[in-house]
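Asks: Take this structure first; my questions come after.
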Amino acid sequence: GAAQAAVKSPFSTDETPTSLKDITSYNNFYEFGTDKSDPARNAGRLTVKPWKVKIDGMVGKPGEYDLDDLLKGMTIEERIYRMRCVEGWSMVIPWNGFPLASLLKRVEPQSGAKFVAFETLVRPSEMSGQSGFFKILDWPYVEGLRLDEAMNPLTLLATGLYGESLPNQNGAPLRLVVPWKYGFKGIKSIVRISLTDKQPATSWNIQAPQEYGFYSNVNPEVDHPRWSQATERRIGDGGGLFAKRRPTLPFNGYADQVASLYAGMDLRKFY
Amino acid sequence: MAIANLRIQPRFPTWPVYLAGLIPALFYVYQIFYGDLGADPAKTLEHAMGEWALRFLILGLAITPLRRELGIGLLKYRRAVGLIAFLYVVLHLTVYLLLDQGLDWPAIWADIVKRPYITIGMAGFVLLLPLAATSFNAAIRWVGGRNWNRLHKLVYPAVLAGAVHYVMLVKSWPLEPLVYLAIVVALLGWRVWRRT
């Protein structure tokens, strides 16, 4: 991709980043197929320029914005974040991007707005997984955050990876990164951001509500019915084939910054 | 079916079948040392061994219908196919225990009792144990042909368990595991239909 200048961030971890090859060849992006190698193979066809993002709902400045205009005046930061997949593996990813809060402030949320809803592009002609005989998910992929989660300084809209523009298989040209939640909350190739006063529907919760909640905070205490969340395998970890599992941390290690958002909530109920 | 069918007959050797069955395993051994198993090599191996186990189990289930419906006589190769399938089941389980879970027995036990897809997969493995243990001619004599045949019908629930295990472990409903399950259900359904 094209080189992207970025300033360093104090929110970055000093853990060793996963290799670019692993980050760009091991993806869950079902719009391009269900195998983790499918997105790298199929996402090249996606046209990411020009790109428009519709911002609507309870905002003072709704509109259909060109991505280039949204990026004007934004400081692109490098944020090296841990990423924990609900399937029990993890990576360390050097994202480029800007806080979602910067964008939301610019479009002026109304006082009654409580949630942010996101939508991924639907374009079956370029997204092979959306045209399959069996519907893997109800398209478009949708995700959501509580407004205070969305405004947290850790919450990022990513535009790049390893100092270059975002590869298509990683959600180009604009994707969400919420490092204390499971990876599937990080909705890719965003075309719509809506502010609302009702908790928005989220794709995996629609698909299997008993398995995936709205919050989906990384929590070693609450197992997924199919995967223990107590441990994780770090992709590319020294051992390769014999990489050891490591304990998973509450809120993926970001408890200091975000645990207060959930004070008083039963996180077994709000999983 | 007659015991005679299960004896190795001299004219067409079975060893090429065993050799062919080892090719996928050797391919992955090569991949470990010289190739590329991708970002999560343990998972790649785990899935590959499981899928090959299912393929050979299905091949074993197909032998009788092929003979009855199409007159293709592969009965003498069935033991080889079954044992190869069992080898891949063992490799699949070994990768899970050793590479995926790192022999963390409390975590493995929790998986078996708490996660239905692992419970079912493990049940399938246990069902195959007596079959693998009696896969030689002397065992057929010891157990008796009728009993041996009855015992080896355990392969039906075992293969069904394997296919269901695969469907349950994936997110959503992708096509591939459903195709395997459909083939297994068809091969078992044929037996119900023919009352064999």
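By convention here, the chains of the structure tokens are called A, B, ... in the order presented, each chain's residues are numbered starting at 1, and ligands are numbered starting at 1 in the order presented.
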Return as JSON, numbers by chain the residues belonging to chain B that are within 6 Å of chain A, counting only C-alpha atoms.
Replies: {"B": [39, 40, 41, 42, 99, 115]}
Asks: Write out, as a PDB file, in the first residue's frame, the residues just selected, with all heavy atoms.
Replies:
```
ATOM      1  N   ALA B  39      -0.239 -18.815   9.216  1.00  0.00           N
ATOM      2  CA  ALA B  39      -0.016 -18.034  10.427  1.00  0.00           C
ATOM      3  C   ALA B  39      -0.203 -18.867  11.690  1.00  0.00           C
ATOM      4  O   ALA B  39       0.441 -18.623  12.708  1.00  0.00           O
ATOM      5  CB  ALA B  39      -0.965 -16.834  10.445  1.00  0.00           C
ATOM      6  N   ASP B  40      -1.088 -19.855  11.641  1.00  0.00           N
ATOM      7  CA  ASP B  40      -1.391 -20.652  12.828  1.00  0.00           C
ATOM      8  C   ASP B  40      -1.169 -22.126  12.486  1.00  0.00           C
ATOM      9  O   ASP B  40      -2.108 -22.876  12.231  1.00  0.00           O
ATOM     10  CB  ASP B  40      -2.849 -20.400  13.245  1.00  0.00           C
ATOM     11  CG  ASP B  40      -3.124 -20.849  14.673  1.00  0.00           C
ATOM     12  OD1 ASP B  40      -2.257 -21.531  15.270  1.00  0.00           O
ATOM     13  OD2 ASP B  40      -4.224 -20.536  15.188  1.00  0.00           O
ATOM     14  N   PRO B  41       0.127 -22.536  12.430  1.00  0.00           N
ATOM     15  CA  PRO B  41       0.435 -23.878  11.911  1.00  0.00           C
ATOM     16  C   PRO B  41      -0.244 -25.019  12.679  1.00  0.00           C
ATOM     17  O   PRO B  41      -0.668 -26.003  12.074  1.00  0.00           O
ATOM     18  CB  PRO B  41       1.964 -23.971  12.030  1.00  0.00           C
ATOM     19  CG  PRO B  41       2.396 -22.820  12.853  1.00  0.00           C
ATOM     20  CD  PRO B  41       1.323 -21.787  12.803  1.00  0.00           C
ATOM     21  N   ALA B  42      -0.387 -24.877  13.994  1.00  0.00           N
ATOM     22  CA  ALA B  42      -1.019 -25.953  14.755  1.00  0.00           C
ATOM     23  C   ALA B  42      -2.471 -26.150  14.303  1.00  0.00           C
ATOM     24  O   ALA B  42      -2.934 -27.271  14.127  1.00  0.00           O
ATOM     25  CB  ALA B  42      -0.961 -25.643  16.249  1.00  0.00           C
ATOM     26  N   LEU B  99      -0.247 -29.842  20.429  1.00  0.00           N
ATOM     27  CA  LEU B  99       0.100 -28.530  19.869  1.00  0.00           C
ATOM     28  C   LEU B  99      -0.941 -27.473  20.214  1.00  0.00           C
ATOM     29  O   LEU B  99      -0.597 -26.334  20.520  1.00  0.00           O
ATOM     30  CB  LEU B  99       0.244 -28.630  18.351  1.00  0.00           C
ATOM     31  CG  LEU B  99       1.314 -29.604  17.861  1.00  0.00           C
ATOM     32  CD1 LEU B  99       1.387 -29.585  16.343  1.00  0.00           C
ATOM     33  CD2 LEU B  99       2.673 -29.282  18.458  1.00  0.00           C
ATOM     34  N   ARG B 115     -17.738 -28.540  26.166  1.00  0.00           N
ATOM     35  CA  ARG B 115     -17.993 -28.128  24.792  1.00  0.00           C
ATOM     36  C   ARG B 115     -18.516 -29.301  23.976  1.00  0.00           C
ATOM     37  O   ARG B 115     -17.778 -30.231  23.656  1.00  0.00           O
ATOM     38  CB  ARG B 115     -16.721 -27.560  24.181  1.00  0.00           C
ATOM     39  CG  ARG B 115     -16.509 -26.138  24.664  1.00  0.00           C
ATOM     40  CD  ARG B 115     -15.206 -25.551  24.317  1.00  0.00           C
ATOM     41  NE  ARG B 115     -14.412 -25.328  25.514  1.00  0.00           N
ATOM     42  CZ  ARG B 115     -14.771 -24.517  26.501  1.00  0.00           C
ATOM     43  NH1 ARG B 115     -15.896 -23.847  26.454  1.00  0.00           N
ATOM     44  NH2 ARG B 115     -14.004 -24.386  27.556  1.00  0.00           N
TER      45      ARG B 115
END
```
Asks: Please provide as a list in words all residues within 10 Å of Pro65 in chain B, with the sequence filter that same-chain residues fewer than 3 positions apart are discarded (counting only C-alpha atoms).
Replies: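 Here the answer would be Leu61, Ala62, Arg68, Glu69, Leu70, Gly71, Ile72, Gly73, Leu187, Leu188, Trp190, Arg191 and Arg194 of chain B.
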Asks: Print the selection's residues with C-alpha atoms to a file, as a compact mmCIF listing (two decimals), in the first residue's frame.
Replies:
```txt
# COMPACT_ATOMS: atom_id res chain seq x y z
CA LEU B 61 -18.49 -46.29 4.43
CA ALA B 62 -18.81 -46.07 0.64
CA ARG B 68 -24.12 -53.47 -4.02
CA GLU B 69 -25.19 -50.65 -6.29
CA LEU B 70 -22.42 -50.48 -8.87
CA GLY B 71 -20.69 -53.84 -8.56
CA ILE B 72 -17.36 -52.26 -7.67
CA GLY B 73 -15.53 -54.73 -5.43
CA LEU B 187 -24.28 -43.37 3.16
CA LEU B 188 -25.92 -44.27 6.47
CA TRP B 190 -28.63 -46.05 2.24
CA ARG B 191 -28.01 -48.75 4.87
CA ARG B 194 -31.37 -51.42 2.23
```
Asks: Quick one, how far is CA of Asn96 in chain A from CA of Lys8 in chain A?
Replies: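 Those two atoms sit 9.5 Å apart.
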Asks: Choose the residue, out of B:Ile112, B:Val81, B:Ile183, B:Val89, that has the smallest atom-to-atom separation from Ser135 in chain B; count only C-alpha atoms.
Replies: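 The shortest atom-to-atom distance to Ser135 in chain B comes from B:Val81.
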